[in-house]
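Below is one structure, written out as structure tokens; the observations come after it.
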There are 2 protein chains.
Amino acid sequence: MAKSQPVSPLAPAAFPDLPVVKGVRFAAAEAGVRYTGRPDVMLAVLDPGSTVAGVFTRSKTRSAPVLDCEAKLGPDRLGGACPEGAAFLVNSGNANAFTGRAGEESVVALCRAVSAATGVPEGRVFTSSTGVIGERLPHDRIEAVMASLAGKLDDTGIAAAARAIMTTDTFRKGAGRTVEIGGKTVTIAGIAKGSGMIAPDMATMLVYIFTDAKITADDLQSLLSGMTTETFNAITVDSDTSTSDTLLVAATGASGVDVGGNGAFAAAFFDVMLDLAKQVVRDGEGATKFVTVRVKGAASKDDARRTAMAIANSPLVKTAIAGEDPNWGRIVMAVGKSGADADRDRLSIWFGKILVAEKGWVSPDYREEHGAAYMKRPELTITVDLGLGTGTFSAYTCDLTHGYISINADYRS
Amino acid sequence: MAKSQPVSPLAPAAFPDLPVVKGVRFAAAEAGVRYTGRPDVMLAVLDPGSTVAGVFTRSKTRSAPVLDCEAKLGPDRLGGACPEGAAFLVNSGNANAFTGRAGEESVVALCRAVSAATGVPEGRVFTSSTGVIGERLPHDRIEAVMASLAGKLDDTGIAAAARAIMTTDTFRKGAGRTVEIGGKTVTIAGIAKGSGMIAPDMATMLVYIFTDAKITADDLQSLLSGMTTETFNAITVDSDTSTSDTLLVAATGASGVDVGGNGAFAAAFFDVMLDLAKQVVRDGEGATKFVTVRVKGAASKDDARRTAMAIANSPLVKTAIAGEDPNWGRIVMAVGKSGADADRDRLSIWFGKILVAEKGWVSPDYREEHGAAYMKRPELTITVDLGLGTGTFSAYTCDLTHGYISINADYRS
């Protein structure tokens, strides 16, 4: 198991003061799945009438909990409103991935236990597991604390829930917004865990977002799916993809405010998603720099995305950033390998507001010492203008440091 | 500039005793392009009647020398036999990439100088440059040693040429074979440089292979193109792609042996390509393990390749190997993310001959201590059977270590 890491230098000052979302209650407990002396299970129970939507890893070796969630949301992933409500159960320490039939049996057992303790039907219980893979989930340990969890459900328990789902994370991740619509307040609050894009061992990304807005499952899924590309699919720590990545959203409707098609709600929802996504990058394994890669002028939106992700995923770009090296040549390299349309002589590159390269060569006004001074900042923006069209995309990444190697290589599992 | 690195622990014991290829002569010199006190330019001159073929980086930000080589080989990349022969000029220390129009002017100047010194027409002079990018190539320094180079051309100079093209390489890379065909001997000898798949700074891959076989440019290009996928495109150090990767092949015909369609020649040629490709991985930046990733049972050849490359490129797999951690869960993860067809319950994984996982879970006979003992070896084979079809592919990679970070992050360019 990984050694405990110091808190990321890029962590926010404190866990945010999240608004209470009416209609959802949380509880956390120590089940001792793998860790001891810390909470490792969280339960969230949604009031009757709540709608649920989700997006999941596209891995072909998806974990048993992911497969179960997908089956329950159905081919259209629509968790329609249900008179009995819904529940999310999440454990850390064991991913229940690549555990054969035993893994599926664990999911069934846990859903049954949640249902018995809360009255939510099994078909509306969604579980996630994160931690080591290939080891049987000791679900009996989680069942043993189920009555206790159900007994302490509370609408202010979200911070404790954020703690329970952490693995190699060095800080709790939460984000919230409130929106005034027609004189009423709608709240959104979410939590996340993840310290790689990735990592089947410890760094799977899990995200749970709750709102008391009234919205159909169909609209909720559309909102979520439409915003995933520019939030959780725009971040990368090391380009690997987890077997377990899960993003679940629930709307309780308790505010009584119908938000279907409401732009202010959509904007706030996007803010919460992007805030949580960036926090995952800020906790990237070994990260010391938070980097925004802005691409504009691409021949298409997809070309902009490919270019931004090629830069954000390049080990050579990421090691240069770790070394505070204004190595724009590596950015040229990454642009070239992305597969997107590019023309050397139309390409421009900026570090922050410093124009580094243009017209196929280094800018005549660029001074290496300016670039070097900029690279010392903890938060960097690299802008690339491909000069070909109107496609834009922003990706978010971190540097690749000795810390990443230490976390992932310097211990035996 | 990178600090000098110790010789890779995976290096061959010595530079091989390469056979002399009739019809090609070599020279190396110190031009002081960037390095001092070491040769940094090589010239190879091919006798009249030689054919030339090549493959190049697919980067959209290709260097000026690559663009010039491609233009000279034409849309079909066929360097047909030429009465005046051909020449290859290569410098290390400066990549002449992203240098705008000045870069193109440098290539023209160098080709003119080679032509003047050797009598080879400019249109048959092929140049490569490797080293820092974005800095104007001081081609006058190379022109200054051109007469000296031309004056010392020798058919035994290939080892010195291998030295001259090195950048961050820690050892010279060469491979040769001889084939008896119809009672006559045909020789093949090649040299390479590269210590990342890539790296625009210092680790571009350059390969030059020579043979005295008689073969049309068309057949030579077919042979080369057909074998690239399973050799130079089957290796990866860090997944980045250079602006300058170049693989040039020349056949002088001096053996008088026509090898068109000859299987023994093709096999020997493949051996030379694979040998050189593996040497590039053995010099991977920071590498301490040489890893063969064998995939079989894939639904198609392309699926096998995608799966093998996903494993070989995964930072999490590569850091686990660096840590001698038999972390098969990360291999399951990489299989899942490759995009190739996969079925958890049909997947099997071996470390060497040790069956680790099968039927969707860890093998009942697998013992962690066996896997851990195997991972201590310097040369590892990971085999994955997808259990779906007959597609196979082998990829070659190295581990991802603190050494890689040090080489790429711990200095300022």
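Each chain in the structure tokens gets a letter, A, B and so on, in the order shown; residues start at 1 in every chain, and ligands are counted from 1 in the order they appear.
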
- Task: Starting from chain B, keep only residues with some atom at most 6 Å from an atom of chain A, counting only C-alpha atoms, and report them as a list in words.
- Result: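 Contact residues on the first chain: Ser59, Lys60, Thr61, Phe98, Thr99, Gly100, Ile133, Thr241, Thr243, Thr319, Ala320, Ala322, Gly323, Asp325, Gly329, Met333, Gly336, Lys337, Ala342, Arg344, Gly360, Trp361, His402, Asn408, Ala409, Asp410 and Arg412 of chain B.
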
Restricting the output to N, CA and C atoms, write the selected residues as a short mmCIF file (atom, residue, chain, number, x, y, z; two decimals), in the first residue's frame.
```cif
data_model
loop_
_atom_site.label_atom_id
_atom_site.label_comp_id
_atom_site.auth_asym_id
_atom_site.auth_seq_id
_atom_site.Cartn_x
_atom_site.Cartn_y
_atom_site.Cartn_z
N SER B 59 4.71 13.12 -37.61
CA SER B 59 4.42 14.38 -36.93
C SER B 59 3.98 15.45 -37.93
N LYS B 60 3.03 16.30 -37.48
CA LYS B 60 2.59 17.42 -38.32
C LYS B 60 3.56 18.60 -38.21
N THR B 61 4.53 18.49 -37.32
CA THR B 61 5.53 19.57 -37.18
C THR B 61 6.91 18.99 -37.51
N PHE B 98 11.52 23.38 -36.37
CA PHE B 98 10.84 24.61 -35.96
C PHE B 98 11.80 25.78 -36.06
N THR B 99 12.47 25.86 -37.20
CA THR B 99 13.43 26.93 -37.45
C THR B 99 13.03 27.74 -38.68
N GLY B 100 11.75 27.63 -39.07
CA GLY B 100 11.22 28.46 -40.14
C GLY B 100 11.97 28.30 -41.45
N ILE B 133 15.77 21.81 -30.54
CA ILE B 133 14.91 22.34 -31.58
C ILE B 133 14.69 23.83 -31.37
N THR B 241 6.38 11.51 -29.79
CA THR B 241 6.78 11.32 -31.18
C THR B 241 7.66 12.47 -31.62
N THR B 243 9.83 15.12 -33.97
CA THR B 243 9.65 15.90 -35.19
C THR B 243 10.61 15.43 -36.28
N THR B 319 5.80 2.15 -14.21
CA THR B 319 6.32 2.46 -12.88
C THR B 319 6.27 1.22 -11.99
N ALA B 320 5.24 0.38 -12.17
CA ALA B 320 5.18 -0.87 -11.40
C ALA B 320 6.40 -1.74 -11.72
N ALA B 322 9.28 -0.68 -12.80
CA ALA B 322 10.44 -0.02 -12.17
C ALA B 322 10.55 -0.42 -10.70
N GLY B 323 9.40 -0.56 -10.05
CA GLY B 323 9.37 -0.93 -8.64
C GLY B 323 9.40 -2.43 -8.40
N ASP B 325 7.28 -4.57 -9.03
CA ASP B 325 5.99 -4.89 -8.43
C ASP B 325 5.19 -5.74 -9.43
N GLY B 329 -2.84 -6.07 -11.87
CA GLY B 329 -4.05 -5.25 -11.97
C GLY B 329 -3.87 -4.10 -12.95
N MET B 333 -5.96 -3.07 -16.30
CA MET B 333 -6.38 -1.69 -16.59
C MET B 333 -5.99 -1.29 -18.00
N GLY B 336 -7.98 -2.84 -20.66
CA GLY B 336 -9.31 -2.25 -20.71
C GLY B 336 -9.35 -0.92 -21.42
N LYS B 337 -8.28 -0.15 -21.31
CA LYS B 337 -8.31 1.20 -21.89
C LYS B 337 -7.87 1.24 -23.35
N ALA B 342 -12.12 -6.78 -25.70
CA ALA B 342 -11.59 -7.56 -24.58
C ALA B 342 -12.76 -8.07 -23.76
N ARG B 344 -13.30 -9.61 -19.92
CA ARG B 344 -12.65 -9.88 -18.64
C ARG B 344 -12.52 -11.38 -18.37
N GLY B 360 -11.13 -14.08 -15.54
CA GLY B 360 -11.69 -12.94 -14.83
C GLY B 360 -11.20 -12.75 -13.42
N TRP B 361 -10.19 -13.51 -13.01
CA TRP B 361 -9.69 -13.35 -11.66
C TRP B 361 -8.26 -13.86 -11.59
N HIS B 402 12.90 7.03 -11.87
CA HIS B 402 13.40 8.35 -11.47
C HIS B 402 14.42 8.87 -12.48
N ASN B 408 14.87 14.34 -17.95
CA ASN B 408 13.97 15.26 -18.65
C ASN B 408 13.47 16.44 -17.84
N ALA B 409 13.68 16.42 -16.53
CA ALA B 409 13.16 17.51 -15.70
C ALA B 409 14.22 18.20 -14.87
N ASP B 410 15.28 17.50 -14.53
CA ASP B 410 16.20 18.04 -13.53
C ASP B 410 17.29 18.93 -14.10
N ARG B 412 17.90 22.58 -16.77
CA ARG B 412 17.29 23.62 -17.58
C ARG B 412 17.91 23.57 -18.96
#
```

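With only C-alpha atoms taken into account, the protein and nucleic acid residues at most 8 Å from Gly352 in chain B (excluding it and anything under 2 positions from it in its own chain) are Trp350, Ile354, Tyr374, Leu380, Thr381, Ile382 and Thr383 of chain B.
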
- Message: Please return, as a ChimeraX atom specification, all residues of range 21-261 of chain B that DSSP assigns to strand (DSSP E) on the basis of the backbone.
- Response: /B:24-29,41-46,51-56,78-79,86-94,125-132,173-181,184-193,206-211,235-236,246-251

- Item | Spatial neighbours of Ile142 in chain A, max dist 12 Å, only C-alpha atoms, sep filter under 5 positions, as a VMD selection string | chain A and resid 28 to 34 39 to 43 89 to 94 106 to 107 109 to 114 127 129 137 147 to 149

Keeping N, CA and C atoms, export the residues of the selection given above as a compact mmCIF listing (two decimals), in the first residue's frame.
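Resulting contents of selection-v1.txt:
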```txt
# COMPACT_ATOMS: atom_id res chain seq x y z
N ALA A 28 -21.09 8.16 7.18
CA ALA A 28 -19.81 7.51 6.90
C ALA A 28 -19.45 6.64 8.09
N ALA A 29 -18.65 5.60 7.84
CA ALA A 29 -18.29 4.70 8.94
C ALA A 29 -16.97 4.02 8.64
N GLU A 30 -16.39 3.46 9.70
CA GLU A 30 -15.18 2.65 9.55
C GLU A 30 -15.57 1.19 9.43
N ALA A 31 -15.38 0.62 8.25
CA ALA A 31 -15.70 -0.80 8.06
C ALA A 31 -14.42 -1.65 8.07
N GLY A 32 -13.27 -1.02 7.94
CA GLY A 32 -12.02 -1.78 7.94
C GLY A 32 -11.84 -2.66 6.72
N VAL A 33 -12.35 -2.20 5.57
CA VAL A 33 -12.20 -2.98 4.33
C VAL A 33 -10.72 -3.25 4.07
N ARG A 34 -9.90 -2.22 4.19
CA ARG A 34 -8.46 -2.37 4.05
C ARG A 34 -7.73 -1.43 4.99
N PRO A 39 -12.58 6.45 8.33
CA PRO A 39 -13.81 6.03 7.65
C PRO A 39 -13.48 5.54 6.24
N ASP A 40 -14.15 4.47 5.82
CA ASP A 40 -13.89 3.93 4.48
C ASP A 40 -15.17 3.53 3.75
N VAL A 41 -16.32 3.88 4.32
CA VAL A 41 -17.59 3.62 3.64
C VAL A 41 -18.47 4.85 3.79
N MET A 42 -19.12 5.22 2.70
CA MET A 42 -20.12 6.29 2.80
C MET A 42 -21.43 5.81 2.20
N LEU A 43 -22.51 6.31 2.79
CA LEU A 43 -23.85 6.01 2.29
C LEU A 43 -24.57 7.34 2.07
N LEU A 89 -23.81 3.78 -2.28
CA LEU A 89 -22.91 3.21 -1.27
C LEU A 89 -21.51 3.14 -1.89
N VAL A 90 -20.54 3.69 -1.21
CA VAL A 90 -19.17 3.72 -1.76
C VAL A 90 -18.18 3.25 -0.69
N ASN A 91 -17.28 2.34 -1.09
CA ASN A 91 -16.20 1.98 -0.17
C ASN A 91 -14.85 2.28 -0.79
N SER A 92 -13.87 2.58 0.04
CA SER A 92 -12.49 2.72 -0.41
C SER A 92 -11.66 1.55 0.13
N GLY A 93 -10.51 1.33 -0.50
CA GLY A 93 -9.59 0.27 -0.04
C GLY A 93 -9.61 -0.98 -0.90
N ASN A 94 -10.70 -1.21 -1.61
CA ASN A 94 -10.81 -2.39 -2.48
C ASN A 94 -11.74 -2.02 -3.64
N SER A 106 -20.66 -9.87 -4.48
CA SER A 106 -20.47 -8.83 -3.46
C SER A 106 -21.40 -7.65 -3.70
N VAL A 107 -21.53 -7.26 -4.97
CA VAL A 107 -22.41 -6.13 -5.29
C VAL A 107 -23.85 -6.45 -4.91
N ALA A 109 -24.91 -8.57 -2.68
CA ALA A 109 -25.03 -8.63 -1.22
C ALA A 109 -25.12 -7.23 -0.62
N LEU A 110 -24.31 -6.32 -1.14
CA LEU A 110 -24.30 -4.95 -0.60
C LEU A 110 -25.60 -4.22 -0.92
N CYS A 111 -26.10 -4.39 -2.13
CA CYS A 111 -27.35 -3.72 -2.50
C CYS A 111 -28.50 -4.23 -1.63
N ARG A 112 -28.49 -5.55 -1.37
CA ARG A 112 -29.52 -6.14 -0.52
C ARG A 112 -29.43 -5.55 0.89
N ALA A 113 -28.22 -5.39 1.39
CA ALA A 113 -28.03 -4.88 2.76
C ALA A 113 -28.48 -3.42 2.86
N VAL A 114 -28.14 -2.61 1.84
CA VAL A 114 -28.57 -1.22 1.85
C VAL A 114 -30.10 -1.14 1.80
N THR A 127 -23.67 1.20 -6.24
CA THR A 127 -22.45 1.08 -5.44
C THR A 127 -21.21 1.40 -6.26
N SER A 129 -16.73 1.04 -5.73
CA SER A 129 -15.62 0.56 -4.90
C SER A 129 -14.33 1.08 -5.50
N LEU A 137 -13.68 -8.49 -2.47
CA LEU A 137 -14.17 -7.45 -1.55
C LEU A 137 -14.76 -8.12 -0.31
N ALA A 147 -26.32 -1.06 9.57
CA ALA A 147 -27.36 -0.54 10.46
C ALA A 147 -26.89 0.76 11.10
N SER A 148 -25.62 0.77 11.48
CA SER A 148 -25.04 1.98 12.07
C SER A 148 -25.08 3.14 11.08
N LEU A 149 -24.69 2.86 9.82
CA LEU A 149 -24.73 3.90 8.78
C LEU A 149 -26.14 4.46 8.63
```

- Item | For Val24 in chain A: contacts at 12 Å, only C-alpha atoms, fewer than 6 positions along chain excluded, given as a ChimeraX atom specification | /A:43-51,85-88,153-158,187-190,208-213,249-255

- Can you list, as a PyMOL selection string, every protein, DNA or RNA residue that comes within 12 Å of Ser225 in chain A when you count only C-alpha atoms, leaving out same-chain residues fewer than 3 positions away? chain A and resi 53-56+76-78+217-222+228-233+247-249+269-270+273

- Message: Neighbouring residues of Gly263 in chain B were defined as those with any atom within 12 Å, considering only C-alpha atoms; residues of the same chain fewer than 3 positions away were excluded. Please report them as a list in words.
- Response: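 The neighbour list is Val179, Glu180, Ile181, Leu223, Asp258, Val259, Gly260, Ala266, Ala267, Ala268, Phe269 and Phe270 of chain B.
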
- Message: Could you pull out the helix (DSSP H, G or I) residues of range 173-407 of chain A, going by DSSP on the backbone, and write them as a PyMOL selection string?
- Response: chain A and resi 217-228+232-234+263-282+301-313+315-322+328-337+344-346+368-375+402-407

- Between CA of Arg124 in chain A and CA of Gln279 in chain A, distance in Å (one decimal): 28.8 Å
